[in-house]
>>> print(open('query.txt').read())   # compact mmCIF, C-alpha atoms and all ligand atoms
# COMPACT_ATOMS: atom_id res chain seq x y z
CA MET A 1 119.37 104.69 -93.68
CA ALA A 2 116.53 107.15 -94.23
CA LEU A 3 114.06 104.27 -94.26
CA VAL A 4 115.47 102.82 -91.05
CA GLY A 5 115.18 106.20 -89.35
CA ARG A 6 111.60 106.60 -90.50
CA VAL A 7 110.63 103.16 -89.28
CA PHE A 8 112.36 103.79 -85.96
CA ARG A 9 110.44 107.01 -85.47
CA CYS A 10 107.20 105.29 -86.33
CA VAL A 11 107.58 102.01 -84.47
CA VAL A 12 109.35 103.00 -81.25
CA PRO A 13 106.65 105.41 -80.00
CA LYS A 14 104.05 102.77 -80.76
CA PHE A 15 105.64 100.43 -78.25
CA ALA A 16 106.81 103.04 -75.79
CA PHE A 17 103.36 104.53 -75.33
CA PRO A 18 99.82 103.20 -75.59
CA SER A 19 98.03 104.27 -78.73
CA SER A 20 95.74 106.51 -76.68
CA SER A 21 98.66 108.23 -75.02
CA PRO A 22 98.77 112.01 -75.32
CA VAL A 23 102.54 111.65 -75.73
CA LEU A 24 102.02 109.74 -78.92
CA THR A 25 99.60 112.37 -80.14
CA ALA A 26 101.98 115.11 -79.15
CA LEU A 27 104.74 113.58 -81.23
CA ALA A 28 102.68 114.51 -84.28
CA LEU A 29 103.90 111.57 -86.26
CA PRO A 30 104.05 112.04 -90.01
CA ASN A 31 101.23 110.64 -92.11
CA SER A 32 103.59 108.05 -93.53
CA CYS A 33 103.50 106.32 -90.14
CA ASN A 34 99.83 105.50 -90.55
CA ARG A 35 100.58 102.81 -93.02
CA TYR A 36 102.79 101.05 -90.46
CA PHE A 37 100.40 101.59 -87.55
CA SER A 38 97.42 100.31 -89.49
CA LYS A 39 99.12 96.95 -89.93
CA SER A 40 99.51 94.28 -87.32
CA TRP A 41 102.95 93.83 -85.80
CA THR A 42 103.41 90.61 -87.73
CA GLU A 43 102.80 92.33 -91.02
CA THR A 44 105.11 95.18 -90.08
CA TYR A 45 107.81 92.74 -89.00
CA LYS A 46 107.53 90.80 -92.23
CA ARG A 47 107.78 94.03 -94.18
CA PHE A 48 111.08 95.02 -92.62
CA SER A 49 112.58 91.70 -91.60
CA SER A 50 115.82 90.94 -93.37
CA SER A 51 115.34 87.20 -92.97
CA ILE A 52 113.84 85.49 -95.96
CA PRO A 53 111.14 82.97 -95.05
CA LYS A 54 112.23 79.40 -95.70
CA GLN A 55 110.64 77.97 -98.79
CA LYS A 56 109.13 74.54 -98.45
CA LYS A 57 111.08 72.08 -100.52
CA GLU A 58 109.26 70.56 -103.45
CA THR A 59 108.58 66.85 -103.04
CA VAL A 60 107.93 63.90 -105.32
CA SER A 61 106.68 60.39 -104.56
CA VAL A 62 109.27 57.64 -104.63
CA HIS A 63 108.47 53.96 -104.04
CA PHE A 64 110.86 51.38 -102.62
CA THR A 65 110.39 47.63 -102.81
CA ASP A 66 112.41 45.50 -100.43
CA SER A 67 113.70 42.01 -101.04
CA GLU A 68 110.52 40.47 -99.59
CA GLY A 69 108.26 42.44 -101.88
CA ASN A 70 107.17 44.95 -99.25
CA GLN A 71 106.48 48.34 -100.77
CA TYR A 72 107.18 51.67 -99.13
CA SER A 73 106.11 55.00 -100.51
CA ALA A 74 107.99 58.10 -99.52
CA ASN A 75 107.81 61.84 -99.94
CA ALA A 76 111.18 62.71 -101.38
CA LYS A 77 112.40 66.27 -101.17
CA VAL A 78 113.95 67.52 -104.38
CA GLY A 79 117.67 67.95 -103.73
CA ASP A 80 117.90 65.21 -101.11
CA ASN A 81 119.57 61.91 -101.92
CA LEU A 82 117.70 58.61 -101.78
CA LEU A 83 119.39 57.60 -98.52
CA ASP A 84 118.04 60.79 -96.92
CA VAL A 85 114.61 59.94 -98.28
CA ILE A 86 114.62 56.51 -96.67
CA ILE A 87 115.80 57.91 -93.34
CA GLU A 88 113.39 60.86 -93.30
CA ASN A 89 110.44 58.63 -94.12
CA ASP A 90 111.38 56.11 -91.40
CA ILE A 91 111.60 53.25 -93.86
CA GLU A 92 113.20 50.30 -92.13
CA ILE A 93 115.59 48.45 -94.41
CA ASP A 94 118.00 46.27 -92.49
CA GLY A 95 121.60 47.50 -92.72
CA PHE A 96 120.78 50.19 -95.27
CA GLY A 97 123.05 53.24 -95.33
CA ALA A 98 125.53 51.96 -92.77
CA CYS A 99 128.20 54.58 -93.54
CA GLU A 100 125.64 57.39 -93.49
CA GLY A 101 126.32 58.48 -97.03
CA THR A 102 130.09 58.76 -96.86
CA LEU A 103 130.53 56.41 -99.83
CA ALA A 104 132.29 53.78 -97.78
CA CYS A 105 129.95 50.83 -97.43
CA SER A 106 127.73 50.06 -100.50
CA THR A 107 124.83 49.07 -98.22
CA CYS A 108 122.65 51.75 -99.84
CA HIS A 109 122.62 49.76 -103.09
CA LEU A 110 119.41 50.28 -105.07
CA ILE A 111 118.30 48.80 -108.38
CA PHE A 112 116.50 50.98 -110.91
CA LYS A 113 114.32 50.07 -113.87
CA GLN A 114 116.30 50.54 -117.07
CA ALA A 115 114.18 53.50 -118.25
CA ASP A 116 114.55 55.28 -114.91
CA TYR A 117 118.25 54.50 -114.76
CA ASP A 118 118.74 56.04 -118.20
CA LYS A 119 116.98 59.21 -117.08
CA LEU A 120 119.12 59.78 -113.98
CA PRO A 121 120.69 63.20 -114.37
CA GLU A 122 124.16 62.18 -113.27
CA THR A 123 126.26 59.17 -114.09
CA PRO A 124 128.08 57.44 -111.25
CA THR A 125 131.50 58.75 -110.33
CA ASP A 126 134.53 56.46 -110.32
CA GLU A 127 134.32 56.34 -106.52
CA GLU A 128 130.71 55.20 -106.67
CA LEU A 129 131.52 52.59 -109.33
CA ASP A 130 134.35 51.25 -107.15
CA MET A 131 131.97 50.92 -104.24
CA LEU A 132 129.24 49.40 -106.41
CA ASP A 133 131.69 46.66 -107.41
CA LEU A 134 131.57 45.54 -103.78
CA ALA A 135 127.76 45.65 -103.53
CA TYR A 136 125.63 42.55 -103.15
CA GLY A 137 123.74 41.56 -106.31
CA LEU A 138 125.16 44.21 -108.63
CA THR A 139 123.17 44.84 -111.82
CA ASP A 140 123.60 47.08 -114.85
CA THR A 141 121.09 49.50 -113.34
CA SER A 142 122.50 49.62 -109.83
CA ARG A 143 123.28 52.85 -108.04
CA LEU A 144 124.14 53.81 -104.50
CA GLY A 145 121.18 55.57 -102.93
CA CYS A 146 123.37 58.08 -101.13
CA GLN A 147 124.69 59.29 -104.48
CA VAL A 148 121.40 59.73 -106.33
CA ILE A 149 119.87 63.17 -105.94
CA VAL A 150 116.10 63.51 -106.17
CA THR A 151 114.88 65.71 -109.03
CA LYS A 152 111.42 66.94 -110.01
CA ASP A 153 111.36 64.41 -112.84
CA MET A 154 111.42 61.48 -110.41
CA GLU A 155 107.72 61.60 -109.55
CA GLY A 156 106.54 57.99 -109.21
CA LEU A 157 110.04 56.52 -109.34
CA GLN A 158 110.19 52.86 -108.27
CA VAL A 159 113.41 51.33 -107.03
CA SER A 160 114.22 47.94 -105.55
CA VAL A 161 116.40 47.02 -102.64
CA PRO A 162 118.54 43.94 -103.39
CA ALA A 163 117.97 40.72 -101.53
CA GLY A 164 121.18 41.05 -99.54
CA VAL A 165 123.43 43.67 -98.08
CA SER A 166 127.16 43.73 -98.34
CA ASP A 167 129.09 46.21 -96.21
CA ALA A 168 132.30 47.03 -98.04
CA ARG A 169 133.92 47.98 -94.74
CA GLY A 170 133.86 44.33 -93.74
CA PRO A 171 132.67 42.84 -90.47
CA SER A 172 132.55 45.35 -87.63
S1 LIG A 201 125.49 54.80 -97.39
FE1 LIG A 201 127.43 53.89 -97.50
S2 LIG A 201 127.93 54.04 -99.59
FE2 LIG A 201 125.96 54.94 -99.48
>>> encode(input="query.txt", output="structure tokens")
Amino acid sequence: MALVGRVFRCVVPKFAFPSSSPVLTALALPNSCNRYFSKSWTETYKRFSSSIPKQKKETVSVHFTDSEGNQYSANAKVGDNLLDVIIENDIEIDGFGACEGTLACSTCHLIFKQADYDKLPETPTDEELDMLDLAYGLTDTSRLGCQVIVTKDMEGLQVSVPAGVSDARGPS
């Protein structure tokens, strides 16, 4: 509380009166105020702001190859899932991610290289495996993109999109 009071006494007169004002001079502000007055408002605000500046998320490069051999490179934010990566990078893959990551469609089916698949930090849950069973062109290294979280170790990851899409929800 003492700090708040000191800042209040220092900052309020600064805005209430111009710096050349005799009122400000007459207030005989303590020397400790000089360190606040000598800084720009932005610096002073940062110093006392309780909000923590948002940190930029770390990104890695991930490459997608569609069924026609087209390659798409994406900046993937660590912590996002691969469906988010495709959406945020405006990669157009027909029918991909139809259920928007609610684990209800299997259209976000992706195929990994064996080495990359083995390095994935999490194994598929039973729910994902059930949905994968309904995916088009299932392989031993298949995962659902909406369930794979990007990690720092995925720099340069290459994944393939199967030749077809099967929506487990059936025809709409
Ligand atoms: S987007 Fe539907 S299961 Fe992943």
>>> residues_around(input="query.txt", residues="Ser106 of chain A", least_positions_apart="5", cutoff="12 Å", atoms="all atoms listed in the file", output="number ranges by chain")
A: 83, 95-101, 127-138, 142-147, 161-162, 164-170
>>> atom_distance(input="query.txt", atom1="atom CA of Asn75 of chain A", atom2="atom CA of Val62 of chain A")
6.5 Å
>>> closest_residue(input="query.txt", among="A:Ile86, A:Ala163, A:Val60, A:Cys105", to="ligand LIG 201 (chain A)", atoms="all atoms listed in the file")
A:Cys105
>>> closest_residue(input="query.txt", among="A:Val159, A:Ile149, A:Thr107, A:Ser73", to="Glu122 of chain A", atoms="all atoms listed in the file")
A:Ile149
>>> atom_distance(input="query.txt", atom1="atom S1 of ligand LIG 201 (chain A)", atom2="atom CA of Lys56 of chain A")
25.7 Å
>>> closest_residue(input="query.txt", among="A:Asn81, A:Ala74, A:Asp140, A:Asn89", to="ligand LIG 201 (chain A)", atoms="only C-alpha atoms and all ligand atoms")
A:Asn81
>>> closest_residue(input="query.txt", among="A:Gln114, A:Ser61, A:Thr141, A:Thr102", to="ligand LIG 201 (chain A)", atoms="all atoms listed in the file")
A:Thr102
>>> closest_residue(input="query.txt", among="A:Ala115, A:Leu120, A:Val148, A:Ala76", to="ligand LIG 201 (chain A)", atoms="only C-alpha atoms and all ligand atoms")
A:Val148
>>> atom_distance(input="query.txt", atom1="atom CA of Gly79 of chain A", atom2="atom CA of Ser67 of chain A")
26.4 Å
>>> closest_residue(input="query.txt", among="A:Lys119, A:His63, A:Ile93, A:Val78", to="Leu157 of chain A", atoms="only C-alpha atoms")
A:His63
>>> residues_around(input="query.txt", residues="Gln71 of chain A", least_positions_apart="6", cutoff="10 Å", atoms="only C-alpha atoms", output="PyMOL selection string")
chain A and resi 63-65+91+158-160
>>> build_atoms(input="query.txt", residues="segment 139-168 of chain A", atoms="N, CA and C atoms", output="PDB file, in the coordinates of the input")
ATOM      1  N   THR A 139     123.801  44.948-110.493  1.00  0.00           N
ATOM      2  CA  THR A 139     123.170  44.840-111.820  1.00  0.00           C
ATOM      3  C   THR A 139     123.647  46.006-112.690  1.00  0.00           C
ATOM      4  N   ASP A 140     123.220  45.980-113.949  1.00  0.00           N
ATOM      5  CA  ASP A 140     123.600  47.080-114.850  1.00  0.00           C
ATOM      6  C   ASP A 140     122.897  48.383-114.501  1.00  0.00           C
ATOM      7  N   THR A 141     121.842  48.288-113.699  1.00  0.00           N
ATOM      8  CA  THR A 141     121.090  49.500-113.340  1.00  0.00           C
ATOM      9  C   THR A 141     121.182  49.778-111.850  1.00  0.00           C
ATOM     10  N   SER A 142     122.281  49.383-111.264  1.00  0.00           N
ATOM     11  CA  SER A 142     122.500  49.620-109.830  1.00  0.00           C
ATOM     12  C   SER A 142     123.083  50.996-109.588  1.00  0.00           C
ATOM     13  N   ARG A 143     122.658  51.608-108.508  1.00  0.00           N
ATOM     14  CA  ARG A 143     123.280  52.850-108.040  1.00  0.00           C
ATOM     15  C   ARG A 143     123.313  52.807-106.515  1.00  0.00           C
ATOM     16  N   LEU A 144     124.133  53.644-105.958  1.00  0.00           N
ATOM     17  CA  LEU A 144     124.140  53.810-104.500  1.00  0.00           C
ATOM     18  C   LEU A 144     123.157  54.926-104.145  1.00  0.00           C
ATOM     19  N   GLY A 145     122.227  54.606-103.271  1.00  0.00           N
ATOM     20  CA  GLY A 145     121.180  55.570-102.930  1.00  0.00           C
ATOM     21  C   GLY A 145     121.721  56.890-102.409  1.00  0.00           C
ATOM     22  N   CYS A 146     122.835  56.838-101.710  1.00  0.00           N
ATOM     23  CA  CYS A 146     123.370  58.080-101.130  1.00  0.00           C
ATOM     24  C   CYS A 146     123.972  58.990-102.186  1.00  0.00           C
ATOM     25  N   GLN A 147     124.087  58.486-103.419  1.00  0.00           N
ATOM     26  CA  GLN A 147     124.690  59.290-104.480  1.00  0.00           C
ATOM     27  C   GLN A 147     123.675  59.745-105.526  1.00  0.00           C
ATOM     28  N   VAL A 148     122.429  59.351-105.352  1.00  0.00           N
ATOM     29  CA  VAL A 148     121.400  59.730-106.330  1.00  0.00           C
ATOM     30  C   VAL A 148     120.550  60.852-105.741  1.00  0.00           C
ATOM     31  N   ILE A 149     120.591  61.986-106.411  1.00  0.00           N
ATOM     32  CA  ILE A 149     119.870  63.170-105.940  1.00  0.00           C
ATOM     33  C   ILE A 149     118.480  63.206-106.564  1.00  0.00           C
ATOM     34  N   VAL A 150     117.493  63.458-105.707  1.00  0.00           N
ATOM     35  CA  VAL A 150     116.100  63.510-106.170  1.00  0.00           C
ATOM     36  C   VAL A 150     115.885  64.767-107.021  1.00  0.00           C
ATOM     37  N   THR A 151     115.245  64.574-108.166  1.00  0.00           N
ATOM     38  CA  THR A 151     114.880  65.710-109.030  1.00  0.00           C
ATOM     39  C   THR A 151     113.363  65.718-109.226  1.00  0.00           C
ATOM     40  N   LYS A 152     112.871  66.809-109.764  1.00  0.00           N
ATOM     41  CA  LYS A 152     111.420  66.940-110.010  1.00  0.00           C
ATOM     42  C   LYS A 152     110.917  65.858-110.945  1.00  0.00           C
ATOM     43  N   ASP A 153     111.778  65.398-111.840  1.00  0.00           N
ATOM     44  CA  ASP A 153     111.360  64.410-112.840  1.00  0.00           C
ATOM     45  C   ASP A 153     111.172  63.013-112.258  1.00  0.00           C
ATOM     46  N   MET A 154     111.466  62.835-110.978  1.00  0.00           N
ATOM     47  CA  MET A 154     111.420  61.480-110.410  1.00  0.00           C
ATOM     48  C   MET A 154     110.063  61.124-109.818  1.00  0.00           C
ATOM     49  N   GLU A 155     109.052  61.915-110.069  1.00  0.00           N
ATOM     50  CA  GLU A 155     107.720  61.600-109.550  1.00  0.00           C
ATOM     51  C   GLU A 155     107.332  60.172-109.948  1.00  0.00           C
ATOM     52  N   GLY A 156     106.969  59.356-108.940  1.00  0.00           N
ATOM     53  CA  GLY A 156     106.540  57.990-109.210  1.00  0.00           C
ATOM     54  C   GLY A 156     107.663  56.986-109.383  1.00  0.00           C
ATOM     55  N   LEU A 157     108.889  57.418-109.178  1.00  0.00           N
ATOM     56  CA  LEU A 157     110.040  56.520-109.340  1.00  0.00           C
ATOM     57  C   LEU A 157     109.891  55.270-108.462  1.00  0.00           C
ATOM     58  N   GLN A 158     110.233  54.107-109.031  1.00  0.00           N
ATOM     59  CA  GLN A 158     110.190  52.860-108.270  1.00  0.00           C
ATOM     60  C   GLN A 158     111.571  52.237-108.287  1.00  0.00           C
ATOM     61  N   VAL A 159     112.088  51.958-107.125  1.00  0.00           N
ATOM     62  CA  VAL A 159     113.410  51.330-107.030  1.00  0.00           C
ATOM     63  C   VAL A 159     113.315  50.111-106.119  1.00  0.00           C
ATOM     64  N   SER A 160     114.220  49.176-106.346  1.00  0.00           N
ATOM     65  CA  SER A 160     114.220  47.940-105.550  1.00  0.00           C
ATOM     66  C   SER A 160     115.470  47.875-104.694  1.00  0.00           C
ATOM     67  N   VAL A 161     115.281  47.272-103.538  1.00  0.00           N
ATOM     68  CA  VAL A 161     116.400  47.020-102.640  1.00  0.00           C
ATOM     69  C   VAL A 161     116.829  45.569-102.872  1.00  0.00           C
ATOM     70  N   PRO A 162     118.104  45.324-103.120  1.00  0.00           N
ATOM     71  CA  PRO A 162     118.540  43.940-103.390  1.00  0.00           C
ATOM     72  C   PRO A 162     118.277  42.994-102.218  1.00  0.00           C
ATOM     73  N   ALA A 163     118.327  41.731-102.528  1.00  0.00           N
ATOM     74  CA  ALA A 163     117.970  40.720-101.530  1.00  0.00           C
ATOM     75  C   ALA A 163     118.966  40.677-100.377  1.00  0.00           C
ATOM     76  N   GLY A 164     120.170  41.108-100.603  1.00  0.00           N
ATOM     77  CA  GLY A 164     121.180  41.050 -99.540  1.00  0.00           C
ATOM     78  C   GLY A 164     121.910  42.362 -99.420  1.00  0.00           C
ATOM     79  N   VAL A 165     122.644  42.471 -98.334  1.00  0.00           N
ATOM     80  CA  VAL A 165     123.430  43.670 -98.080  1.00  0.00           C
ATOM     81  C   VAL A 165     124.869  43.260 -97.882  1.00  0.00           C
ATOM     82  N   SER A 166     125.754  43.993 -98.546  1.00  0.00           N
ATOM     83  CA  SER A 166     127.160  43.730 -98.340  1.00  0.00           C
ATOM     84  C   SER A 166     127.825  45.031 -97.887  1.00  0.00           C
ATOM     85  N   ASP A 167     128.417  45.011 -96.722  1.00  0.00           N
ATOM     86  CA  ASP A 167     129.090  46.210 -96.210  1.00  0.00           C
ATOM     87  C   ASP A 167     130.545  46.148 -96.607  1.00  0.00           C
ATOM     88  N   ALA A 168     130.943  47.052 -97.501  1.00  0.00           N
ATOM     89  CA  ALA A 168     132.300  47.030 -98.040  1.00  0.00           C
ATOM     90  C   ALA A 168     133.345  47.262 -96.956  1.00  0.00           C
TER      91      ALA A 168
END
